[in-house]
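See structure below.
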Amino acid sequence: MRHNYVAAMNPLFRNLLLSFCATFVALAAARAQQPEPQKSVQTPRAVLRFDEARSEELADLRSAVDTVAAADGRPFAFKLNRRRATEEAVYDAATLWNVRRVRVKRRRMRLADSLGREKVRLVKFFIERDRRKGMRPHLLGNVAGYSWVSEIREGGRWREVPAFISVYTLREEVDSLREAGAVDVRGGVPEAFRHTLPRDTPYVLDGVEVSSAIFQFIDGLILRTLQVVDNDAVRRCVVGDTYPGRSPLVVLGGERITVAQWLEMCRAGLFDTRADVPMYYRYEVPVEAVKKYGEAGRYGAIRIDAAE
């Protein structure tokens with residue numbers, strides 16, 4: 001005789017089991033009848049102001065980029081124009097202006113402090129052998145000399161301001177004075193030929209208006225032309241352009257961008273000096289940049305980070 005298993009159970013336990021099963025079935029049915037929630041679609045947007053950035057996020061990005069070159073843990077070895085050289089020697093010899101090309105290879109080599117051959121990352125720098133060809137070209141434009149100022153005196157006190165050109169001399173006038181013998185041995189010219197610039201004078205770099213501080217950072221690095229435009233058709237401004245084909249890598253908050261993209265961000269107001277998060281600029285020489293970013297850093301790198 002077959003027994004009913006549920007009927008043979010303890011009455012109290014049986015009632016609890018049946019109640020649980022009924023509740024589970026009811027909940028499953030109700031859940032099946034509910035419509036699935038629609039996923040919200042968000043349009044991605046770019047935020048271009050650093051006063052909305054977070055220094056912690058920038059630090060994380062910097063760490064991620066810095067570890068790319070050394071991900072395999074190999075030590076670096078260097079060659080300069082096909083000859084073994086120390087990192088210090090290559091650091092001093094390779095500049096933005098004399099680097100021709102760079103190659104980075106994985107090799108097995110014997111290092112100075114090792115007994116056997118080790119896995120290394122070999123960095124080959126090829127630079128101009130003629131020092132005259134590897135020198136920074138002269139600055140072009142109608143300006144012969146100028147002075148950057150970063151402090152002004154107001155109300156009897158000195159206060160710091162974004163750097164700006166306060167005084168400049170015109171190349172044409174200086175050449176005429178030099179021919180007339182009116183320039184002293186130190187290159188000084190009479191006060192009447194030293195022109196002043198207001199602090200609010202616009203600065204235009206590669207056709208993009210930038211802050212005077214950015215223009216000063218480019219000066220001495222990749223600035224090719226510095227010219228003061230002052231005529232009836234155009235408001236007086238400082239105009240410059242950069243050297244084509246020899247631009248450093250730009251690393252903005254850990255992300256690689258081009259100089260052109262950087263200037264476009266300047267146009268968007270990203271590097272406004274009034275931003276709550278001030279920017280810190282640093283130029284890394286070719287050896288530093290190649291170790292971090294590979295062959296793309298052969299002309300060095302401009303690091304732009306949030307100031308600590």
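Chain identifiers are assigned as A, B, and so on, following the order in which chains appear in the structure tokens; residues are numbered from 1 within each chain, and ligands are numbered from 1 in order of appearance.
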Spatial neighbours of Thr86 in chain A, 8 Å, only C-alpha atoms, chain gap at least 5 places, as a compact mmCIF listing (two decimals) with N, CA and C atoms, in the first residue's frame:
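Written file, around16.txt:
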```txt
# COMPACT_ATOMS: atom_id res chain seq x y z
N ALA A 77 68.65 50.25 -20.40
CA ALA A 77 70.02 50.41 -20.89
C ALA A 77 69.95 51.39 -22.05
N PHE A 78 71.07 52.12 -22.28
CA PHE A 78 71.04 53.20 -23.26
C PHE A 78 72.18 53.09 -24.25
N LYS A 79 71.87 53.55 -25.48
CA LYS A 79 72.89 53.74 -26.50
C LYS A 79 72.70 55.13 -27.09
```
### Shell around Asp305 in chain A at 6 Å using only C-alpha atoms, local window under 2 positions removed, as an MDAnalysis selection string
chainID A and resid 253 279:280
## Note on the structure
Of A:Arg178, A:Arg256, A:Arg282, A:Arg298, the one sitting nearest Ile218 in chain A when using only C-alpha atoms is A:Arg282
### Task
May I have the residues within 12 Å of Gly141 in chain A as JSON, numbers by chain, using only C-alpha atoms and disregarding those fewer than 6 positions away in the same chain?
{"A": [169, 170, 171, 172, 223, 224, 225, 226, 227, 228, 229, 238, 239, 240, 241]}
### Message
I want to know what sits within 12 Å of range 189-203 of chain A, based on only C-alpha atoms, with residues of the same chain fewer than 4 positions away left out; could you give that as a PyMOL selection string?
### Response
chain A and resi 143-152+161-178+180-185+207-216+218+226-230+234-241+266-267
List as a Markdown table every residue of range 122-216 of chain A that is in contact with range 73-76 of chain A, defined as an atom at most 12 Å from one of its atoms (using only C-alpha atoms), together with the nearest atom pair and the distance in Å rounded to one decimal, sorted by chain and then rising number.
```
| residue | atom | partner | partner_atom | distance |
| --- | --- | --- | --- | --- |
| A:Leu122 | CA | A:Phe76 | CA | 5.9 |
| A:Val123 | CA | A:Phe76 | CA | 7.1 |
| A:Lys124 | CA | A:Phe76 | CA | 10.5 |
```
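Taking CA of Ile222 in chain A and CA of Tyr243 in chain A as endpoints, the distance between them is 5.7 Å.
Residue nearest Leu221 in chain A within the list A:Ala296, A:Gly188, A:Leu96, A:Glu154: A:Leu96 [criterion: smallest interatomic distance, only C-alpha atoms].
DSSP, applied to the backbone of this structure, assigns alpha helix (DSSP H) to the following residues of range 97-283 of chain A: Arg171, Glu172, Glu173, Val174, Asp175, Ser176, Leu177, Arg178, Glu179, Ala180, Ser212, Ala213, Ile214, Phe215, Gln216, Phe217, Ile218, Val259, Ala260, Gln261, Trp262, Leu263, Glu264, Met265, Cys266 and Arg267 of chain A.
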### Secondary structure check, strand (DSSP E or B) residues of range 222-301 of chain A, as a ChimeraX atom specification
/A:223-229,237-242,249-252,255-257,279-284,301
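Of the listed residues A:Leu249, A:Leu80, A:Leu139, A:Ala301, the one whose atoms come nearest to Val102 in chain A is A:Leu80, with distances taken using only C-alpha atoms.
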### Task
Please provide as a list in words all residues within 7 Å of Glu118 in chain A, with the sequence filter that same-chain residues fewer than 5 positions apart are discarded (counting only C-alpha atoms).
Arg108, Met109 and Arg110 of chain A
Taking N, CA and C atoms for each residue, export the selection above as a compact mmCIF listing (two decimals), in the first residue's frame.
```
# COMPACT_ATOMS: atom_id res chain seq x y z
N ARG A 108 68.63 41.25 -24.32
CA ARG A 108 69.39 40.64 -23.23
C ARG A 108 70.79 41.22 -23.30
N MET A 109 71.22 41.89 -22.24
CA MET A 109 72.51 42.56 -22.25
C MET A 109 73.17 42.41 -20.88
N ARG A 110 74.47 42.59 -20.89
CA ARG A 110 75.23 42.57 -19.65
C ARG A 110 75.34 44.00 -19.12
```
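Relative to CA of Val287 in chain A, CA of Glu88 in chain A is found at 9.3 Å.
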### Query
Counting only C-alpha atoms, which of A:Val90, A:Ile304, A:Ala85, A:Val285 gets nearest to Val259 in chain A?
A:Ile304
